[in-house]
Each structure stands twice: as C-alpha cells, then as structure tokens.
Amino acid sequence: MKILVTGGAGYIASHTNIELLNSGYEVVAVDNLSNSCMESIMRVEKLKGKKIHFYRADILDKQAMQSIFDQEKIDAVIHFAGLKAVGESCSIPLTYFRNNLSGTINLLEVMQEFGVNNFVFSSSATVYGEPERVPVTEDFPLSATNPYGRTKLMIEEMLGDLYQSDSSWNIAILRYFNPIGAHESGEIGEDPNGIPNNLVPYVAKVAAGVLEKINVFGNDYDTPDGTGIRDYIHVVDLAVGHIKAIEKLSDNPGLVVYNLGTGVGYSVMEIINNYEKACHKKLPYVVTARRPGDIAISYADPSKALRELHWKAEKGIEQMCEDSYRWQSKNPNGY
Ligand code: NAD
Ligand code: UFG
C-alpha cells in the first residue's frame, strides 16, 4: 500500500514515516520545506534502509498535487501539512487560513479527482477550547480560541460536510494532545525555527545550554503545584497511532474521531523535574506571568482509541525526556 504523507519532512511526519516503513507501507512524501528540511527525509531513509518518494511541493499548488497523484498510485493520505504556531496565527491569520484551509481543500479536491478516499487528518486537542472538565472525551463541545485552532476546527467541520455529501469517504480525525520526545536513535526529532514556543523544546535548549533559563508561565493556576497541566505523548507512540488509523480505514468505518494522548497529565514543574533527571543537571527557571490564552489543565480520555484502534501510548515521561535530550545533545543546532 502506498501512503501520501503531506508535510512529510516535519516533526510528527518523520516519526510516522519510520513506522509506515516498519509496517511495510510505501511512503510518498510532499513538503514545501517551509518549516523543515530534506535532511529529516534522508535520515529516515538511512535509519530504515528504504527510499521515500519525496516531492518538494506546496499543497496549495494544485497542478503539482495532480502530478504527484498522477505519478504515484496513492491508496491513502495522512495530512500533516500545515502551519502550527498559535502566537504567529494571531498576527498573520490570513496566512494561516490560506495555508491550512485552502491547502486542505486543494488536497481533498485532488483526492476526489483521482478517486482516493482514505484520509487521516492531524487535528489537535486545541479544538476542545477550554474543556469544562478532564479527562476530555471525543464528544466534548468544540471551540477555538485562536486562528490556528480555528483552522483545525473548520477543517474538522469541512470533513464532516464532505462525508455527509459522499459516504464513500473514510476519514480518521486524530486529535493529538502534546507530542514531545524523539526517535530513540537521536537521529530525528523536533527542530523548531528560532526560539521555541512550546515547553519541552524550550527546556531542551536550556538543558543544552543554548538558552539561559526556562520561563514558567504562571504558578497560580488551580492545579496541585499551580502550574499548567498537559497530556504529553511520546511522538513515536503518536506515530504508531497513525498506522492504527490507516488500518482502521481499511474496514470502511466512515468518519471516525480519536483522541491520541496518554490519559495522564503532568504539570510544568513535573516536566522540569523529569527533564533534570534525564539530563543530569539542574535547570534554571523563573516564574513569569501566565501566557494569554493558556488553559489550566487538559488531558485526554484515550479509551476510544484503545477500544476501536487497539492503540495505547506505551512510553512514559522518563523516556520522553531522555529521548528529547538525546536528540538535542546529538543535534544542538537541529538538522
Ligand atoms: P511541522 O511544522 O514539523 O510539520 C508540518 C510540515 O508541513 C512542515 O514540514 C512544513 O514545512 C509543511 N508544510 C506547511 N505548509 C505546507 C504547504 N502549504 N505545503 C506543503 N508542506 C507544508 O509540525 P508537526 O508538529 O509535525 O505537526 C504536524 C501536524 O500536526 C500539523 O498539522 C499540526 O498542526 C498538527 N499538530 C501538531 C501538534 C504539535 O504540538 N506538534 C499538536 C497538534 C496537532
Ligand atoms: N509553558 C511554560 N513555558 C514555556 C512554554 C510553555 O510554562 O516556555 C507552559 C504552558 O503555559 C502550558 C504548558 O507549558 O501550561 C504547555 O505549553 P506548550 O506551549 O508546550 O503546549 P500547549 O498545550 O500550550 O499547546 C500545544 C500546541 C498547540 C496544541 C496543543 C494541543 O502549541 O498548538 O499543544 O495539542 F493545540
């Protein structure tokens, strides 16, 4: 089976490419390299000793997408391509809407044209807005608190309408919680541009001595230690979830939605403590103001994915921090 992976050079895609190759799939990857580089593709090929058919192209370029579908006989698409920085999406919302929404519409139209109807979509726990309680189940009310989140919500709604109009589509919407960590080889991992927005990539750079100290965004939340709680999930577990979703699509399930998380929440201070154990040093931090838009606590109820996909996150927080640190130490300047 041949899988088209959009955003195929990115962080989650590169780990998913490994799992796809492990499971015997052929991988066709498309990426415009706006937030990644070819090196991640080459490292995956080297790790696995297998080729990826890579196309440097923009999903907004319909002709380029048509030519890929023309050349390759695609069976299913995993759609990672998108812009993902919450803060940036507030400053340049139209860029986010064009890239994420128009890009997805293009892709779906080309799939329709070539009769490909198996689709896995990278959604996010951000679609739960500020959840009323935890753990979060898939039937919670949905809302968006920023333009990035709105693109995810709008794409989910678009996929719902598409499926209503034509039930031959098989669509798996995967709502990721907080992916962190890296492949255990230390050869591939997250390589954010500039100063990281997210906690663990930031902590990794402090541990590596690239940044001076961690800013803890608020310690007056209604949580046991006052800092925000999230459901961190090892990126390799997350990648395996995509293989399970592809397998599920072959049973013609229609449109299905799954939370991919561990079901366990860790606070910012717990992450710092675990990271200190992984890197064997004290990590300087300072408590600063809350970051606007942040919620106190979010973690998944992942039981639907266990029941229906037979998938469960296996790797604990220690391994997430160790693998993150191994990647960071081996690649202090990224790829
Ligand atoms: P990433 O930036 O590493 O990967 C996205 C890839 O898409 C990049 O390689 C980028 O160059 C590519 N891309 C962007 N626009 C494109 C376009 N128009 N045409 C072709 N390629 C394009 O991000 P990631 O963390 O691997 O995230 C993958 C997906 O998962 C994204 O859709 C993101 O919104 C979603 N997601 C990520 C997280 C997270 O915390 N990392 C959480 C929830 C959901
Ligand atoms: N935090 C800090 N200091 C930092 C960065 C973050 O204290 O330098 C705190 C935040 O306040 C929050 C926690 O660490 O309590 C996690 O923050 P992240 O930025 O790592 O992750 P978020 O949960 O805010 O959001 C991320 C992505 C979203 C996505 C969401 C769920 O940025 O796009 O996970 O998948 F929707």
# chains A, B, ... in the order shown; residues from 1 in each chain; ligands from 1
>>> residues_around(residues="Ile12 (chain A)", least_positions_apart="4", cutoff="7 Å", atoms="only C-alpha atoms", output="list in words")
Thr16, Val235 and Ala239 of chain A
>>> write_last_selection(atoms="C-alpha atoms", output="mmCIF file, in the first residue's frame")
data_model
loop_
_atom_site.group_PDB
_atom_site.id
_atom_site.type_symbol
_atom_site.label_atom_id
_atom_site.label_comp_id
_atom_site.auth_asym_id
_atom_site.auth_seq_id
_atom_site.Cartn_x
_atom_site.Cartn_y
_atom_site.Cartn_z
ATOM 1 C CA THR A 16 5.333 8.416 11.219
ATOM 2 C CA VAL A 235 5.959 11.222 19.311
ATOM 3 C CA ALA A 239 3.245 7.903 15.044
#
>>> closest_atom_pairs(of="chain A", to="ligand 2", cutoff="6 Å", atoms="only C-alpha atoms and all ligand atoms", output="Markdown table")
| residue | atom | partner | partner_atom_place_in_ligand_line | distance |
| --- | --- | --- | --- | --- |
| A:Lys84 | CA | ligand 2 | 33 (O) | 5.9 |
| A:Val86 | CA | ligand 2 | 33 (O) | 5.8 |
| A:Ser124 | CA | ligand 2 | 35 (O) | 4.7 |
| A:Ala125 | CA | ligand 2 | 31 (C) | 4.5 |
| A:Thr126 | CA | ligand 2 | 36 (F) | 3.9 |
| A:Tyr176 | CA | ligand 2 | 35 (O) | 5.1 |
| A:Phe177 | CA | ligand 2 | 35 (O) | 4.0 |
| A:Asn178 | CA | ligand 2 | 35 (O) | 4.5 |
| A:Asn197 | CA | ligand 2 | 19 (O) | 5.6 |
| A:Asn198 | CA | ligand 2 | 20 (O) | 3.5 |
| A:Leu199 | CA | ligand 2 | 5 (C) | 3.6 |
| A:Tyr202 | CA | ligand 2 | 8 (O) | 5.9 |
| A:Asn215 | CA | ligand 2 | 3 (N) | 4.9 |
| A:Val216 | CA | ligand 2 | 7 (O) | 3.5 |
| A:Phe217 | CA | ligand 2 | 7 (O) | 3.8 |
| A:Gly228 | CA | ligand 2 | 15 (O) | 3.6 |
| A:Ile229 | CA | ligand 2 | 15 (O) | 5.7 |
| A:Val268 | CA | ligand 2 | 14 (O) | 5.4 |
| A:Arg291 | CA | ligand 2 | 11 (O) | 5.9 |
| A:Asp294 | CA | ligand 2 | 11 (O) | 5.7 |
>>> closest_atom_pairs(of="chain A", to="ligand 1", cutoff="7 Å", atoms="only C-alpha atoms and all ligand atoms", output="JSON lines")
{"residue": "A:Thr6", "atom": "CA", "partner": "ligand 1", "partner_atom_place_in_ligand_line": "21 (N)", "distance": 6.2}
{"residue": "A:Gly7", "atom": "CA", "partner": "ligand 1", "partner_atom_place_in_ligand_line": "7 (O)", "distance": 3.3}
{"residue": "A:Gly8", "atom": "CA", "partner": "ligand 1", "partner_atom_place_in_ligand_line": "9 (O)", "distance": 6.1}
{"residue": "A:Ala9", "atom": "CA", "partner": "ligand 1", "partner_atom_place_in_ligand_line": "9 (O)", "distance": 4.6}
{"residue": "A:Gly10", "atom": "CA", "partner": "ligand 1", "partner_atom_place_in_ligand_line": "3 (O)", "distance": 3.4}
{"residue": "A:Tyr11", "atom": "CA", "partner": "ligand 1", "partner_atom_place_in_ligand_line": "26 (O)", "distance": 3.7}
{"residue": "A:Ile12", "atom": "CA", "partner": "ligand 1", "partner_atom_place_in_ligand_line": "26 (O)", "distance": 3.8}
{"residue": "A:Ala13", "atom": "CA", "partner": "ligand 1", "partner_atom_place_in_ligand_line": "26 (O)", "distance": 5.6}
{"residue": "A:Val30", "atom": "CA", "partner": "ligand 1", "partner_atom_place_in_ligand_line": "20 (C)", "distance": 6.2}
{"residue": "A:Asp31", "atom": "CA", "partner": "ligand 1", "partner_atom_place_in_ligand_line": "21 (N)", "distance": 3.7}
{"residue": "A:Asn32", "atom": "CA", "partner": "ligand 1", "partner_atom_place_in_ligand_line": "20 (C)", "distance": 4.1}
{"residue": "A:Leu33", "atom": "CA", "partner": "ligand 1", "partner_atom_place_in_ligand_line": "11 (O)", "distance": 3.8}
{"residue": "A:Ser34", "atom": "CA", "partner": "ligand 1", "partner_atom_place_in_ligand_line": "11 (O)", "distance": 3.9}
{"residue": "A:Asn35", "atom": "CA", "partner": "ligand 1", "partner_atom_place_in_ligand_line": "11 (O)", "distance": 3.7}
{"residue": "A:Ser36", "atom": "CA", "partner": "ligand 1", "partner_atom_place_in_ligand_line": "9 (O)", "distance": 4.4}
{"residue": "A:Ala57", "atom": "CA", "partner": "ligand 1", "partner_atom_place_in_ligand_line": "20 (C)", "distance": 5.9}
{"residue": "A:Asp58", "atom": "CA", "partner": "ligand 1", "partner_atom_place_in_ligand_line": "19 (N)", "distance": 3.5}
{"residue": "A:Ile59", "atom": "CA", "partner": "ligand 1", "partner_atom_place_in_ligand_line": "19 (N)", "distance": 4.1}
{"residue": "A:Leu60", "atom": "CA", "partner": "ligand 1", "partner_atom_place_in_ligand_line": "18 (N)", "distance": 5.5}
{"residue": "A:Phe80", "atom": "CA", "partner": "ligand 1", "partner_atom_place_in_ligand_line": "29 (C)", "distance": 4.1}
{"residue": "A:Ala81", "atom": "CA", "partner": "ligand 1", "partner_atom_place_in_ligand_line": "7 (O)", "distance": 3.4}
{"residue": "A:Gly82", "atom": "CA", "partner": "ligand 1", "partner_atom_place_in_ligand_line": "14 (C)", "distance": 4.0}
{"residue": "A:Leu83", "atom": "CA", "partner": "ligand 1", "partner_atom_place_in_ligand_line": "14 (C)", "distance": 5.2}
{"residue": "A:Lys84", "atom": "CA", "partner": "ligand 1", "partner_atom_place_in_ligand_line": "34 (O)", "distance": 4.5}
{"residue": "A:Asn99", "atom": "CA", "partner": "ligand 1", "partner_atom_place_in_ligand_line": "18 (N)", "distance": 5.2}
{"residue": "A:Gly103", "atom": "CA", "partner": "ligand 1", "partner_atom_place_in_ligand_line": "18 (N)", "distance": 5.8}
{"residue": "A:Ser122", "atom": "CA", "partner": "ligand 1", "partner_atom_place_in_ligand_line": "30 (O)", "distance": 4.8}
{"residue": "A:Ser123", "atom": "CA", "partner": "ligand 1", "partner_atom_place_in_ligand_line": "44 (C)", "distance": 5.1}
{"residue": "A:Ser124", "atom": "CA", "partner": "ligand 1", "partner_atom_place_in_ligand_line": "43 (C)", "distance": 4.0}
{"residue": "A:Ala125", "atom": "CA", "partner": "ligand 1", "partner_atom_place_in_ligand_line": "43 (C)", "distance": 6.5}
{"residue": "A:Arg175", "atom": "CA", "partner": "ligand 1", "partner_atom_place_in_ligand_line": "43 (C)", "distance": 6.7}
{"residue": "A:Tyr176", "atom": "CA", "partner": "ligand 1", "partner_atom_place_in_ligand_line": "43 (C)", "distance": 4.8}
{"residue": "A:Phe177", "atom": "CA", "partner": "ligand 1", "partner_atom_place_in_ligand_line": "42 (C)", "distance": 6.1}
{"residue": "A:Asn178", "atom": "CA", "partner": "ligand 1", "partner_atom_place_in_ligand_line": "40 (O)", "distance": 5.2}
{"residue": "A:Pro179", "atom": "CA", "partner": "ligand 1", "partner_atom_place_in_ligand_line": "40 (O)", "distance": 5.3}
{"residue": "A:Glu190", "atom": "CA", "partner": "ligand 1", "partner_atom_place_in_ligand_line": "3 (O)", "distance": 6.8}
>>> residues_around(residues="Pro93 (chain A)", least_positions_apart="4", cutoff="7 Å", atoms="only C-alpha atoms", output="list in words")
Ser89, Phe97 and Pro147 of chain A
>>> select_by_dssp(residues="region 41-170 of chain A", states="alpha helix (DSSP H)", output="JSON, numbers by chain")
{"A": [41, 42, 43, 44, 45, 46, 47, 48, 62, 63, 64, 65, 66, 67, 68, 69, 70, 71, 86, 87, 88, 89, 90, 91, 93, 94, 95, 96, 103, 104, 105, 106, 107, 108, 109, 110, 111, 112, 113, 147, 148, 149, 150, 151, 152, 153, 154, 155, 156, 157, 158, 159, 160, 161, 162, 163, 164, 165]}
>>> residues_around(residues="region 244-261 of chain A", least_positions_apart="4", cutoff="6 Å", atoms="only C-alpha atoms", output="CSV table (one decimal) with C-alpha atoms, in the first residue's frame")
chain,number,residue,atom,x,y,z
A,170,ASN,CA,-13.1,7.1,5.1
A,171,ILE,CA,-11.8,9.8,7.3
A,172,ALA,CA,-9.9,9.5,10.6
A,173,ILE,CA,-9.6,12.7,12.6
A,174,LEU,CA,-6.8,12.4,15.2
A,175,ARG,CA,-6.8,14.9,18.0
A,176,TYR,CA,-3.2,15.0,19.3
A,177,PHE,CA,-2.5,16.1,22.8
A,233,ILE,CA,2.7,12.0,24.5
A,300,ALA,CA,-7.2,13.0,27.2
A,302,PRO,CA,-7.8,7.9,25.2
A,305,ALA,CA,-8.6,4.7,20.6
A,309,LEU,CA,-7.9,1.2,17.2
>>> closest_residue(among="A:Met65, A:Ile155, A:Cys321, A:Leu94", to="Glu113 (chain A)", atoms="only C-alpha atoms")
A:Met65
>>> select_by_dssp(residues="region 112-222 of chain A", states="strand (DSSP E or B)", output="list in words")
Asn118, Phe119, Val120, Phe121, Ser122, Ser123, Ser124, Tyr128, Val136, Ser143, Asn170, Ile171, Ala172, Ile173, Leu174, Arg175, Tyr176, Asn178, Pro179, Ile180, Ile214, Asn215, Val216 and Phe217 of chain A
>>> atom_distance(atom1="CA of Gly316 (chain A)", atom2="CA of Ala182 (chain A)")
12.8 Å
>>> residues_around(residues="Ile271 (chain A)", least_positions_apart="5", cutoff="9 Å", atoms="only C-alpha atoms", output="NGL selection string")
:A and (199-200 or 203 or 266 or 276 or 317 or 321)
>>> closest_residue(among="A:Asn22, A:Thr95, A:Ser143, A:Gln112", to="Leu162 (chain A)", atoms="only C-alpha atoms")
A:Gln112
>>> closest_residue(among="A:Asp166, A:Glu45, A:Asp225, A:Asp61", to="Glu270 (chain A)", atoms="only C-alpha atoms")
A:Asp225
